[in-house]
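Listing of upload.cif; format and content: mmCIF, N, CA and C atoms.
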```cif
data_entry
loop_
_atom_site.label_atom_id
_atom_site.label_comp_id
_atom_site.auth_asym_id
_atom_site.auth_seq_id
_atom_site.Cartn_x
_atom_site.Cartn_y
_atom_site.Cartn_z
N MET T 1 0.39 -17.04 12.36
CA MET T 1 -0.11 -17.63 11.13
C MET T 1 1.08 -18.08 10.28
N ASN T 2 1.04 -19.28 9.76
CA ASN T 2 2.10 -19.81 8.91
C ASN T 2 2.00 -19.27 7.49
N ASN T 3 3.12 -19.28 6.78
CA ASN T 3 3.10 -18.92 5.37
C ASN T 3 2.28 -19.96 4.62
N PRO T 4 1.47 -19.55 3.63
CA PRO T 4 0.58 -20.49 2.95
C PRO T 4 1.27 -21.42 1.96
N VAL T 5 2.42 -21.03 1.43
CA VAL T 5 3.09 -21.87 0.43
C VAL T 5 4.09 -22.76 1.13
N ARG T 6 3.99 -24.06 0.88
CA ARG T 6 4.86 -25.04 1.52
C ARG T 6 5.98 -25.49 0.59
N TRP T 7 5.77 -25.52 -0.71
CA TRP T 7 6.69 -26.18 -1.62
C TRP T 7 6.51 -25.64 -3.03
N PHE T 8 7.55 -25.65 -3.85
CA PHE T 8 7.40 -25.33 -5.26
C PHE T 8 8.16 -26.35 -6.09
N GLU T 9 7.73 -26.53 -7.32
CA GLU T 9 8.40 -27.41 -8.26
C GLU T 9 8.53 -26.71 -9.59
N ILE T 10 9.70 -26.86 -10.23
CA ILE T 10 9.93 -26.35 -11.57
C ILE T 10 10.06 -27.57 -12.47
N TYR T 11 9.10 -27.76 -13.36
CA TYR T 11 9.09 -28.93 -14.23
C TYR T 11 10.04 -28.73 -15.41
N VAL T 12 10.86 -29.74 -15.69
CA VAL T 12 11.89 -29.65 -16.72
C VAL T 12 11.83 -30.86 -17.64
N GLN T 13 12.40 -30.73 -18.84
CA GLN T 13 12.49 -31.83 -19.79
C GLN T 13 13.86 -32.48 -19.75
N ASP T 14 14.91 -31.70 -19.58
CA ASP T 14 16.29 -32.19 -19.58
C ASP T 14 16.88 -31.89 -18.20
N MET T 15 16.86 -32.87 -17.30
CA MET T 15 17.27 -32.64 -15.93
C MET T 15 18.74 -32.22 -15.83
N GLY T 16 19.62 -32.86 -16.60
CA GLY T 16 21.03 -32.50 -16.55
C GLY T 16 21.27 -31.05 -16.90
N ARG T 17 20.63 -30.61 -17.96
CA ARG T 17 20.77 -29.23 -18.41
C ARG T 17 20.19 -28.27 -17.37
N ALA T 18 19.00 -28.60 -16.85
CA ALA T 18 18.35 -27.73 -15.87
C ALA T 18 19.15 -27.66 -14.57
N ARG T 19 19.65 -28.81 -14.09
CA ARG T 19 20.47 -28.82 -12.87
C ARG T 19 21.70 -27.94 -13.05
N ALA T 20 22.40 -28.10 -14.17
CA ALA T 20 23.61 -27.31 -14.42
C ALA T 20 23.27 -25.82 -14.42
N PHE T 21 22.16 -25.45 -15.04
CA PHE T 21 21.75 -24.06 -15.10
C PHE T 21 21.52 -23.48 -13.70
N TYR T 22 20.64 -24.14 -12.91
CA TYR T 22 20.31 -23.61 -11.60
C TYR T 22 21.49 -23.65 -10.63
N GLU T 23 22.31 -24.70 -10.71
CA GLU T 23 23.48 -24.76 -9.84
C GLU T 23 24.45 -23.63 -10.15
N GLN T 24 24.63 -23.33 -11.43
CA GLN T 24 25.53 -22.24 -11.81
C GLN T 24 24.95 -20.88 -11.43
N VAL T 25 23.69 -20.66 -11.75
CA VAL T 25 23.08 -19.36 -11.47
C VAL T 25 22.99 -19.10 -9.96
N LEU T 26 22.57 -20.10 -9.19
CA LEU T 26 22.36 -19.89 -7.76
C LEU T 26 23.61 -20.17 -6.92
N GLY T 27 24.63 -20.79 -7.51
CA GLY T 27 25.85 -21.09 -6.78
C GLY T 27 25.66 -22.08 -5.66
N ARG T 28 24.78 -23.06 -5.87
CA ARG T 28 24.54 -24.10 -4.86
C ARG T 28 24.27 -25.42 -5.54
N ARG T 29 24.62 -26.50 -4.87
CA ARG T 29 24.41 -27.85 -5.39
C ARG T 29 23.00 -28.32 -5.06
N LEU T 30 22.35 -28.93 -6.04
CA LEU T 30 21.04 -29.52 -5.80
C LEU T 30 21.24 -30.94 -5.27
N VAL T 31 20.25 -31.44 -4.53
CA VAL T 31 20.34 -32.73 -3.86
C VAL T 31 19.28 -33.68 -4.42
N ALA T 32 19.69 -34.91 -4.76
CA ALA T 32 18.74 -35.90 -5.28
C ALA T 32 17.70 -36.23 -4.22
N MET T 33 16.44 -36.37 -4.67
CA MET T 33 15.33 -36.72 -3.78
C MET T 33 14.65 -37.95 -4.35
N GLN T 34 14.22 -38.87 -3.49
CA GLN T 34 13.51 -40.07 -3.91
C GLN T 34 12.02 -39.80 -3.92
N SER T 35 11.37 -40.06 -5.06
CA SER T 35 9.92 -39.86 -5.16
C SER T 35 9.35 -40.75 -6.26
N GLY T 36 9.46 -42.06 -6.09
CA GLY T 36 8.91 -43.01 -7.06
C GLY T 36 9.57 -42.87 -8.41
N ASP T 37 8.76 -42.82 -9.47
CA ASP T 37 9.30 -42.74 -10.83
C ASP T 37 9.51 -41.30 -11.29
N ILE T 38 9.34 -40.35 -10.39
CA ILE T 38 9.55 -38.94 -10.70
C ILE T 38 10.97 -38.56 -10.29
N GLU T 39 11.73 -37.97 -11.21
CA GLU T 39 13.09 -37.53 -10.90
C GLU T 39 13.03 -36.14 -10.28
N MET T 40 13.61 -36.01 -9.08
CA MET T 40 13.57 -34.74 -8.37
C MET T 40 14.96 -34.39 -7.83
N TRP T 41 15.31 -33.11 -7.96
CA TRP T 41 16.55 -32.58 -7.40
C TRP T 41 16.20 -31.34 -6.61
N GLY T 42 16.37 -31.40 -5.28
CA GLY T 42 15.96 -30.33 -4.40
C GLY T 42 16.98 -29.22 -4.27
N PHE T 43 16.45 -28.01 -4.05
CA PHE T 43 17.29 -26.84 -3.83
C PHE T 43 17.83 -26.80 -2.40
N GLY T 44 17.32 -27.65 -1.53
CA GLY T 44 17.75 -27.66 -0.13
C GLY T 44 17.04 -26.58 0.65
N GLY T 45 17.21 -26.61 1.94
CA GLY T 45 16.57 -25.63 2.79
C GLY T 45 16.43 -26.15 4.20
N ASP T 46 16.04 -25.29 5.08
CA ASP T 46 15.87 -25.61 6.49
C ASP T 46 14.45 -25.27 6.89
N PRO T 47 13.63 -26.27 7.24
CA PRO T 47 12.24 -26.00 7.59
C PRO T 47 12.07 -25.06 8.77
N ALA T 48 13.12 -24.89 9.58
CA ALA T 48 13.03 -24.03 10.75
C ALA T 48 13.25 -22.56 10.41
N THR T 49 13.61 -22.26 9.16
CA THR T 49 13.85 -20.87 8.77
C THR T 49 12.77 -20.39 7.83
N ALA T 50 12.72 -19.08 7.62
CA ALA T 50 11.73 -18.49 6.72
C ALA T 50 12.01 -18.90 5.28
N GLY T 51 11.00 -18.87 4.44
CA GLY T 51 11.16 -19.21 3.03
C GLY T 51 10.56 -20.56 2.71
N THR T 52 10.63 -20.91 1.44
CA THR T 52 10.00 -22.13 0.96
C THR T 52 11.02 -22.95 0.19
N ALA T 53 11.03 -24.25 0.42
CA ALA T 53 11.92 -25.16 -0.31
C ALA T 53 11.25 -25.60 -1.61
N GLY T 54 12.04 -26.19 -2.50
CA GLY T 54 11.48 -26.67 -3.75
C GLY T 54 12.47 -27.54 -4.50
N ALA T 55 12.08 -27.94 -5.72
CA ALA T 55 12.88 -28.88 -6.49
C ALA T 55 12.65 -28.72 -7.98
N LEU T 56 13.64 -29.19 -8.76
CA LEU T 56 13.45 -29.42 -10.19
C LEU T 56 12.82 -30.79 -10.31
N VAL T 57 11.87 -30.95 -11.24
CA VAL T 57 11.14 -32.20 -11.37
C VAL T 57 11.05 -32.60 -12.84
N ARG T 58 11.32 -33.89 -13.11
CA ARG T 58 11.11 -34.45 -14.45
C ARG T 58 10.14 -35.61 -14.30
N VAL T 59 8.99 -35.48 -14.97
CA VAL T 59 7.93 -36.48 -14.88
C VAL T 59 7.84 -37.24 -16.18
N PRO T 60 7.99 -38.57 -16.15
CA PRO T 60 7.84 -39.35 -17.38
C PRO T 60 6.49 -39.09 -18.04
N GLY T 61 6.51 -38.88 -19.34
CA GLY T 61 5.27 -38.68 -20.08
C GLY T 61 4.86 -37.23 -20.22
N VAL T 62 5.47 -36.32 -19.47
CA VAL T 62 5.16 -34.90 -19.62
C VAL T 62 6.08 -34.36 -20.70
N THR T 63 5.49 -33.90 -21.81
CA THR T 63 6.28 -33.41 -22.93
C THR T 63 5.96 -31.96 -23.21
N GLY T 64 6.61 -31.40 -24.20
CA GLY T 64 6.37 -30.01 -24.55
C GLY T 64 6.83 -29.10 -23.45
N GLY T 65 6.03 -28.10 -23.14
CA GLY T 65 6.41 -27.12 -22.14
C GLY T 65 6.26 -27.60 -20.71
N GLY T 66 5.75 -28.80 -20.52
CA GLY T 66 5.57 -29.28 -19.15
C GLY T 66 4.53 -28.46 -18.42
N PHE T 67 4.63 -28.42 -17.12
CA PHE T 67 3.69 -27.65 -16.31
C PHE T 67 4.21 -26.27 -15.98
N GLY T 68 5.50 -26.03 -16.13
CA GLY T 68 6.06 -24.75 -15.71
C GLY T 68 6.43 -24.82 -14.25
N THR T 69 5.92 -23.90 -13.44
CA THR T 69 6.21 -23.86 -12.02
C THR T 69 4.95 -24.24 -11.25
N MET T 70 5.12 -25.10 -10.25
CA MET T 70 3.99 -25.57 -9.45
C MET T 70 4.15 -25.08 -8.02
N VAL T 71 3.11 -24.48 -7.48
CA VAL T 71 3.10 -24.04 -6.09
C VAL T 71 2.21 -25.00 -5.30
N TYR T 72 2.70 -25.44 -4.14
CA TYR T 72 1.93 -26.30 -3.25
C TYR T 72 1.55 -25.53 -2.00
N PHE T 73 0.25 -25.52 -1.68
CA PHE T 73 -0.23 -24.87 -0.48
C PHE T 73 -0.30 -25.87 0.67
N ALA T 74 0.09 -25.41 1.85
CA ALA T 74 0.10 -26.25 3.04
C ALA T 74 -1.32 -26.52 3.53
N THR T 75 -1.61 -27.78 3.88
CA THR T 75 -2.91 -28.17 4.42
C THR T 75 -2.69 -29.21 5.52
N ASP T 76 -3.71 -29.44 6.33
CA ASP T 76 -3.63 -30.52 7.32
C ASP T 76 -3.91 -31.86 6.67
N ASP T 77 -4.88 -31.89 5.76
CA ASP T 77 -5.23 -33.09 5.00
C ASP T 77 -5.68 -32.62 3.62
N CYS T 78 -4.84 -32.80 2.60
CA CYS T 78 -5.11 -32.22 1.28
C CYS T 78 -6.41 -32.72 0.65
N ALA T 79 -6.95 -33.85 1.12
CA ALA T 79 -8.22 -34.34 0.59
C ALA T 79 -9.37 -33.38 0.89
N ILE T 80 -9.28 -32.68 2.02
CA ILE T 80 -10.36 -31.75 2.41
C ILE T 80 -10.43 -30.59 1.42
N GLU T 81 -9.29 -29.93 1.18
CA GLU T 81 -9.29 -28.80 0.24
C GLU T 81 -9.55 -29.27 -1.19
N ALA T 82 -9.05 -30.46 -1.56
CA ALA T 82 -9.29 -31.01 -2.90
C ALA T 82 -10.78 -31.18 -3.15
N ALA T 83 -11.53 -31.56 -2.11
CA ALA T 83 -12.97 -31.75 -2.24
C ALA T 83 -13.70 -30.44 -2.50
N ARG T 84 -13.09 -29.31 -2.21
CA ARG T 84 -13.72 -28.00 -2.39
C ARG T 84 -13.48 -27.39 -3.78
N VAL T 85 -12.56 -27.96 -4.54
CA VAL T 85 -12.11 -27.34 -5.79
C VAL T 85 -13.24 -27.18 -6.80
N ALA T 86 -13.96 -28.23 -7.13
CA ALA T 86 -15.02 -28.15 -8.14
C ALA T 86 -16.13 -27.19 -7.73
N GLU T 87 -16.51 -27.23 -6.46
CA GLU T 87 -17.56 -26.34 -5.97
C GLU T 87 -17.16 -24.87 -6.10
N ALA T 88 -15.86 -24.60 -6.01
CA ALA T 88 -15.36 -23.23 -6.12
C ALA T 88 -15.17 -22.80 -7.58
N GLY T 89 -15.43 -23.71 -8.54
CA GLY T 89 -15.33 -23.36 -9.95
C GLY T 89 -14.09 -23.87 -10.65
N GLY T 90 -13.26 -24.62 -9.92
CA GLY T 90 -12.05 -25.20 -10.51
C GLY T 90 -12.26 -26.64 -10.92
N ARG T 91 -11.13 -27.32 -11.16
CA ARG T 91 -11.18 -28.72 -11.59
C ARG T 91 -10.10 -29.49 -10.86
N LEU T 92 -10.44 -30.65 -10.32
CA LEU T 92 -9.46 -31.51 -9.67
C LEU T 92 -8.75 -32.31 -10.75
N HIS T 93 -7.45 -32.14 -10.85
CA HIS T 93 -6.65 -32.84 -11.85
C HIS T 93 -6.28 -34.24 -11.36
N ARG T 94 -5.89 -34.33 -10.09
CA ARG T 94 -5.55 -35.63 -9.49
C ARG T 94 -5.82 -35.54 -8.00
N GLY T 95 -6.61 -36.48 -7.51
CA GLY T 95 -6.95 -36.51 -6.09
C GLY T 95 -5.76 -36.86 -5.22
N LYS T 96 -6.00 -36.91 -3.93
CA LYS T 96 -4.95 -37.17 -2.95
C LYS T 96 -4.16 -38.43 -3.32
N MET T 97 -2.83 -38.27 -3.34
CA MET T 97 -1.95 -39.40 -3.64
C MET T 97 -0.72 -39.32 -2.75
N SER T 98 -0.17 -40.47 -2.44
CA SER T 98 1.03 -40.53 -1.61
C SER T 98 2.26 -40.14 -2.41
N ILE T 99 3.16 -39.41 -1.76
CA ILE T 99 4.48 -39.15 -2.34
C ILE T 99 5.54 -39.69 -1.38
N GLY T 100 5.22 -40.85 -0.81
CA GLY T 100 6.15 -41.55 0.07
C GLY T 100 6.42 -40.79 1.35
N GLN T 101 7.69 -40.75 1.73
CA GLN T 101 8.08 -40.12 2.99
C GLN T 101 7.77 -38.63 3.05
N TYR T 102 7.42 -38.03 1.91
CA TYR T 102 7.16 -36.59 1.87
C TYR T 102 5.69 -36.25 2.10
N GLY T 103 4.83 -37.24 2.31
CA GLY T 103 3.43 -36.98 2.62
C GLY T 103 2.49 -37.27 1.48
N TYR T 104 1.55 -36.34 1.23
CA TYR T 104 0.50 -36.52 0.24
C TYR T 104 0.28 -35.22 -0.52
N VAL T 105 -0.15 -35.34 -1.76
CA VAL T 105 -0.50 -34.17 -2.56
C VAL T 105 -1.76 -34.43 -3.35
N ALA T 106 -2.42 -33.35 -3.73
CA ALA T 106 -3.52 -33.38 -4.69
C ALA T 106 -3.22 -32.23 -5.66
N LEU T 107 -3.60 -32.41 -6.93
CA LEU T 107 -3.36 -31.39 -7.95
C LEU T 107 -4.70 -30.86 -8.44
N ALA T 108 -4.78 -29.53 -8.57
CA ALA T 108 -6.03 -28.89 -8.98
C ALA T 108 -5.75 -27.79 -9.99
N VAL T 109 -6.79 -27.41 -10.72
CA VAL T 109 -6.71 -26.32 -11.69
C VAL T 109 -7.69 -25.25 -11.24
N ASP T 110 -7.20 -24.00 -11.15
CA ASP T 110 -8.06 -22.92 -10.68
C ASP T 110 -8.96 -22.41 -11.81
N THR T 111 -9.73 -21.39 -11.53
CA THR T 111 -10.69 -20.85 -12.50
C THR T 111 -10.02 -20.15 -13.67
N GLU T 112 -8.72 -19.87 -13.56
CA GLU T 112 -7.97 -19.21 -14.63
C GLU T 112 -7.13 -20.19 -15.44
N GLY T 113 -7.22 -21.49 -15.11
CA GLY T 113 -6.46 -22.50 -15.83
C GLY T 113 -5.09 -22.79 -15.25
N ASN T 114 -4.77 -22.22 -14.08
CA ASN T 114 -3.48 -22.46 -13.44
C ASN T 114 -3.53 -23.71 -12.58
N MET T 115 -2.55 -24.61 -12.76
CA MET T 115 -2.48 -25.78 -11.90
C MET T 115 -1.74 -25.42 -10.63
N PHE T 116 -2.21 -25.96 -9.50
CA PHE T 116 -1.54 -25.77 -8.22
C PHE T 116 -1.69 -27.05 -7.42
N GLY T 117 -0.89 -27.16 -6.38
CA GLY T 117 -0.91 -28.36 -5.56
C GLY T 117 -1.33 -28.07 -4.14
N LEU T 118 -1.83 -29.11 -3.48
CA LEU T 118 -2.17 -29.08 -2.06
C LEU T 118 -1.30 -30.16 -1.41
N HIS T 119 -0.65 -29.84 -0.30
CA HIS T 119 0.25 -30.80 0.35
C HIS T 119 -0.13 -30.99 1.81
N SER T 120 -0.02 -32.23 2.28
CA SER T 120 -0.22 -32.53 3.69
C SER T 120 0.67 -33.69 4.09
N GLN T 121 0.90 -33.82 5.38
CA GLN T 121 1.71 -34.93 5.89
C GLN T 121 0.84 -36.17 6.17
N ARG T 122 -0.47 -35.99 6.19
CA ARG T 122 -1.37 -37.13 6.42
C ARG T 122 -2.46 -37.16 5.39
#
```

Same coordinates, now as structure tokens:
Amino acid sequence: MNNPVRWFEIYVQDMGRARAFYEQVLGRRLVAMQSGDIEMWGFGGDPATAGTAGALVRVPGVTGGGFGTMVYFATDDCAIEAARVAEAGGRLHRGKMSIGQYGYVALAVDTEGNMFGLHSQR
């Protein structure tokens, strides 16, 4: 059985400040990632090893506290799980959307008000 979490994102307002913080604390360089108009800097990682990769993310138009930390659950096709959200008592924030070479995501809100993501390659 695979680990259920595929990806995490830490939403930030000041990317330069956040990058400097995490690079200093973790002692590793973050790597720029291409994802449309969203600025992303990845922590790096090897998909063949245990653990989960992730990135700092700055989204235009997200102000205030942002989203905080986002967890993405692995799926075969995120549209399938996204279709189950409302029936389970949650709310679909954004349906399946392309994130370019990185696949597809859907964003949902659980019954406690927590936003989470669903990720798939197709």

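Proximity to Ala20 of chain T was assessed for T:Trp41, T:Gln101, T:Lys96, T:Asp110 counting only C-alpha atoms; the smallest distance is recorded for T:Trp41.
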
Expansion of the PyMOL selection byres ((chain T and resi 116) around 8) into residues, as a PyMOL selection string: chain T and resi 69-73+106-110+113-115+117-119

Would you give me, as a JSON list (two decimals) with N, CA and C atoms, in the coordinates of the input, the residues in segment 49-95 of chain T that DSSP reads as strand (DSSP E or B)?
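Here's the written file result22.json:
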```
[["chain", "number", "residue", "atom", "x", "y", "z"],
["T", 53, "ALA", "N", 11.03, -24.25, 0.42],
["T", 53, "ALA", "CA", 11.92, -25.16, -0.31],
["T", 53, "ALA", "C", 11.25, -25.60, -1.61],
["T", 54, "GLY", "N", 12.04, -26.19, -2.50],
["T", 54, "GLY", "CA", 11.48, -26.67, -3.75],
["T", 54, "GLY", "C", 12.47, -27.54, -4.50],
["T", 55, "ALA", "N", 12.08, -27.94, -5.72],
["T", 55, "ALA", "CA", 12.88, -28.88, -6.49],
["T", 55, "ALA", "C", 12.65, -28.72, -7.98],
["T", 56, "LEU", "N", 13.64, -29.19, -8.76],
["T", 56, "LEU", "CA", 13.45, -29.42, -10.19],
["T", 56, "LEU", "C", 12.82, -30.79, -10.31],
["T", 57, "VAL", "N", 11.87, -30.95, -11.24],
["T", 57, "VAL", "CA", 11.14, -32.20, -11.37],
["T", 57, "VAL", "C", 11.05, -32.60, -12.84],
["T", 58, "ARG", "N", 11.32, -33.89, -13.11],
["T", 58, "ARG", "CA", 11.11, -34.45, -14.45],
["T", 58, "ARG", "C", 10.14, -35.61, -14.30],
["T", 69, "THR", "N", 5.92, -23.90, -13.44],
["T", 69, "THR", "CA", 6.21, -23.86, -12.02],
["T", 69, "THR", "C", 4.95, -24.24, -11.25],
["T", 70, "MET", "N", 5.12, -25.10, -10.25],
["T", 70, "MET", "CA", 3.99, -25.57, -9.45],
["T", 70, "MET", "C", 4.15, -25.08, -8.02],
["T", 71, "VAL", "N", 3.11, -24.48, -7.48],
["T", 71, "VAL", "CA", 3.10, -24.04, -6.09],
["T", 71, "VAL", "C", 2.21, -25.00, -5.30],
["T", 72, "TYR", "N", 2.70, -25.44, -4.14],
["T", 72, "TYR", "CA", 1.93, -26.30, -3.25],
["T", 72, "TYR", "C", 1.55, -25.53, -2.00],
["T", 73, "PHE", "N", 0.25, -25.52, -1.68],
["T", 73, "PHE", "CA", -0.23, -24.87, -0.48],
["T", 73, "PHE", "C", -0.30, -25.87, 0.67],
["T", 74, "ALA", "N", 0.09, -25.41, 1.85],
["T", 74, "ALA", "CA", 0.10, -26.25, 3.04],
["T", 74, "ALA", "C", -1.32, -26.52, 3.53],
["T", 91, "ARG", "N", -11.13, -27.32, -11.16],
["T", 91, "ARG", "CA", -11.18, -28.72, -11.59],
["T", 91, "ARG", "C", -10.10, -29.49, -10.86],
["T", 92, "LEU", "N", -10.44, -30.65, -10.32],
["T", 92, "LEU", "CA", -9.46, -31.51, -9.67],
["T", 92, "LEU", "C", -8.75, -32.31, -10.75],
["T", 93, "HIS", "N", -7.45, -32.14, -10.85],
["T", 93, "HIS", "CA", -6.65, -32.84, -11.85],
["T", 93, "HIS", "C", -6.28, -34.24, -11.36],
["T", 94, "ARG", "N", -5.89, -34.33, -10.09],
["T", 94, "ARG", "CA", -5.55, -35.63, -9.49],
["T", 94, "ARG", "C", -5.82, -35.54, -8.00],
["T", 95, "GLY", "N", -6.61, -36.48, -7.51],
["T", 95, "GLY", "CA", -6.95, -36.51, -6.09],
["T", 95, "GLY", "C", -5.76, -36.86, -5.22]]
```

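Counting all atoms listed in the file, the residue from T:Val5, T:Arg17, T:Gly27, T:Ala88 that sits nearest to Thr52 of chain T is T:Val5.
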
All residues 10 Å or closer to Val31 of chain T, only C-alpha atoms, same chain fewer than 6 positions away omitted, as a PDB file with N, CA and C atoms, in the coordinates of the input:
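Final output, selection15.pdb:
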```pdb
ATOM      1  N   ARG T  19      19.650 -28.810 -14.090  1.00  0.00           N
ATOM      2  CA  ARG T  19      20.470 -28.820 -12.870  1.00  0.00           C
ATOM      3  C   ARG T  19      21.700 -27.940 -13.050  1.00  0.00           C
ATOM      4  N   MET T  40      13.610 -36.010  -9.080  1.00  0.00           N
ATOM      5  CA  MET T  40      13.570 -34.740  -8.370  1.00  0.00           C
ATOM      6  C   MET T  40      14.960 -34.390  -7.830  1.00  0.00           C
ATOM      7  N   TRP T  41      15.310 -33.110  -7.960  1.00  0.00           N
ATOM      8  CA  TRP T  41      16.550 -32.580  -7.400  1.00  0.00           C
ATOM      9  C   TRP T  41      16.200 -31.340  -6.610  1.00  0.00           C
ATOM     10  N   GLY T  42      16.370 -31.400  -5.280  1.00  0.00           N
ATOM     11  CA  GLY T  42      15.960 -30.330  -4.400  1.00  0.00           C
ATOM     12  C   GLY T  42      16.980 -29.220  -4.270  1.00  0.00           C
ATOM     13  N   PHE T  43      16.450 -28.010  -4.050  1.00  0.00           N
ATOM     14  CA  PHE T  43      17.290 -26.840  -3.830  1.00  0.00           C
ATOM     15  C   PHE T  43      17.830 -26.800  -2.400  1.00  0.00           C
ATOM     16  N   GLY T  44      17.320 -27.650  -1.530  1.00  0.00           N
ATOM     17  CA  GLY T  44      17.750 -27.660  -0.130  1.00  0.00           C
ATOM     18  C   GLY T  44      17.040 -26.580   0.650  1.00  0.00           C
ATOM     19  N   ALA T  55      12.080 -27.940  -5.720  1.00  0.00           N
ATOM     20  CA  ALA T  55      12.880 -28.880  -6.490  1.00  0.00           C
ATOM     21  C   ALA T  55      12.650 -28.720  -7.980  1.00  0.00           C
ATOM     22  N   LEU T  56      13.640 -29.190  -8.760  1.00  0.00           N
ATOM     23  CA  LEU T  56      13.450 -29.420 -10.190  1.00  0.00           C
ATOM     24  C   LEU T  56      12.820 -30.790 -10.310  1.00  0.00           C
TER      25      LEU T  56
END
```

Nearest-residue call for Ala74 of chain T, choices T:Leu92, T:Ile38, T:Met33, T:Val105, using only C-alpha atoms: T:Val105

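Once the PyMOL selection byres (((chain T and resi 121 and name CA) around 8) and name CA) is applied to this file, the selection holds Asp76, Asp77, Tyr102, Gly103, Tyr104, His119, Ser120 and Arg122 of chain T.
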
Selected residues written out, N, CA and C atoms, as a compact mmCIF listing (two decimals), keeping the file's coordinate frame:
```
# COMPACT_ATOMS: atom_id res chain seq x y z
N ASP T 76 -3.71 -29.44 6.33
CA ASP T 76 -3.63 -30.52 7.32
C ASP T 76 -3.91 -31.86 6.67
N ASP T 77 -4.88 -31.89 5.76
CA ASP T 77 -5.23 -33.09 5.00
C ASP T 77 -5.68 -32.62 3.62
N TYR T 102 7.42 -38.03 1.91
CA TYR T 102 7.16 -36.59 1.87
C TYR T 102 5.69 -36.25 2.10
N GLY T 103 4.83 -37.24 2.31
CA GLY T 103 3.43 -36.98 2.62
C GLY T 103 2.49 -37.27 1.48
N TYR T 104 1.55 -36.34 1.23
CA TYR T 104 0.50 -36.52 0.24
C TYR T 104 0.28 -35.22 -0.52
N HIS T 119 -0.65 -29.84 -0.30
CA HIS T 119 0.25 -30.80 0.35
C HIS T 119 -0.13 -30.99 1.81
N SER T 120 -0.02 -32.23 2.28
CA SER T 120 -0.22 -32.53 3.69
C SER T 120 0.67 -33.69 4.09
N ARG T 122 -0.47 -35.99 6.19
CA ARG T 122 -1.37 -37.13 6.42
C ARG T 122 -2.46 -37.16 5.39
```

Hits of the PyMOL selection byres (((chain T and resi 59 and name CA) around 8) and name CA) in this structure, as a PyMOL selection string: chain T and resi 11+37-39+57-58+60-62

Every residue of chain T that DSSP places in alpha helix (DSSP H), as a count of residues only: 17

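If you look at atom CA of Leu30 of chain T and atom C of Ala18 of chain T, they are 9.2 Å away from each other.
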
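The gap separating atom C of Cys78 of chain T from atom CA of Ser98 of chain T is 11.0 Å, in Å to one decimal.
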
Coordinates-based distance that separates atom N of Phe21 of chain T from atom N of Asp46 of chain T (Å, one decimal): 21.0 Å

Option closest in space to Glu9 of chain T, from T:Gly36, T:Ala53, T:Arg28, T:Ala48 [counting only C-alpha atoms]: T:Ala53

Quick one: axis-aligned box around all listed atoms of segment 97-110 of chain T, 5 Å on every side, centre and edge lengths in Å to one decimal, written as JSON.
```
{"center_x": -0.4, "center_y": -32.0, "center_z": -4.4, "size_x": 27.0, "size_y": 29.1, "size_z": 24.9}
```

File output for segment 6-17 of chain T (N, CA and C atoms) as an mmCIF file, in the first residue's frame:
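Dumped everything to out32.cif:
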```cif
data_model
loop_
_atom_site.group_PDB
_atom_site.id
_atom_site.type_symbol
_atom_site.label_atom_id
_atom_site.label_comp_id
_atom_site.auth_asym_id
_atom_site.auth_seq_id
_atom_site.Cartn_x
_atom_site.Cartn_y
_atom_site.Cartn_z
ATOM 1 N N ARG T 6 0.779 12.701 -1.193
ATOM 2 C CA ARG T 6 1.679 12.795 -2.331
ATOM 3 C C ARG T 6 2.483 14.085 -2.315
ATOM 4 N N TRP T 7 1.958 15.168 -1.770
ATOM 5 C CA TRP T 7 2.552 16.483 -1.947
ATOM 6 C C TRP T 7 2.079 17.415 -0.843
ATOM 7 N N PHE T 8 2.883 18.409 -0.472
ATOM 8 C CA PHE T 8 2.419 19.453 0.432
ATOM 9 C C PHE T 8 2.841 20.808 -0.108
ATOM 10 N N GLU T 9 2.108 21.830 0.258
ATOM 11 C CA GLU T 9 2.431 23.201 -0.105
ATOM 12 C C GLU T 9 2.297 24.083 1.117
ATOM 13 N N ILE T 10 3.253 25.013 1.282
ATOM 14 C CA ILE T 10 3.186 26.009 2.338
ATOM 15 C C ILE T 10 2.970 27.345 1.637
ATOM 16 N N TYR T 11 1.804 27.941 1.831
ATOM 17 C CA TYR T 11 1.462 29.191 1.164
ATOM 18 C C TYR T 11 2.106 30.372 1.884
ATOM 19 N N VAL T 12 2.729 31.266 1.109
ATOM 20 C CA VAL T 12 3.472 32.390 1.668
ATOM 21 C C VAL T 12 3.071 33.686 0.979
ATOM 22 N N GLN T 13 3.332 34.815 1.640
ATOM 23 C CA GLN T 13 3.079 36.136 1.072
ATOM 24 C C GLN T 13 4.346 36.744 0.491
ATOM 25 N N ASP T 14 5.474 36.544 1.144
ATOM 26 C CA ASP T 14 6.757 37.119 0.730
ATOM 27 C C ASP T 14 7.693 35.957 0.417
ATOM 28 N N MET T 15 7.806 35.594 -0.862
ATOM 29 C CA MET T 15 8.569 34.420 -1.250
ATOM 30 C C MET T 15 10.046 34.547 -0.886
ATOM 31 N N GLY T 16 10.639 35.715 -1.100
ATOM 32 C CA GLY T 16 12.046 35.897 -0.768
ATOM 33 C C GLY T 16 12.329 35.644 0.696
ATOM 34 N N ARG T 17 11.496 36.205 1.540
ATOM 35 C CA ARG T 17 11.652 36.035 2.985
ATOM 36 C C ARG T 17 11.445 34.570 3.377
#
```
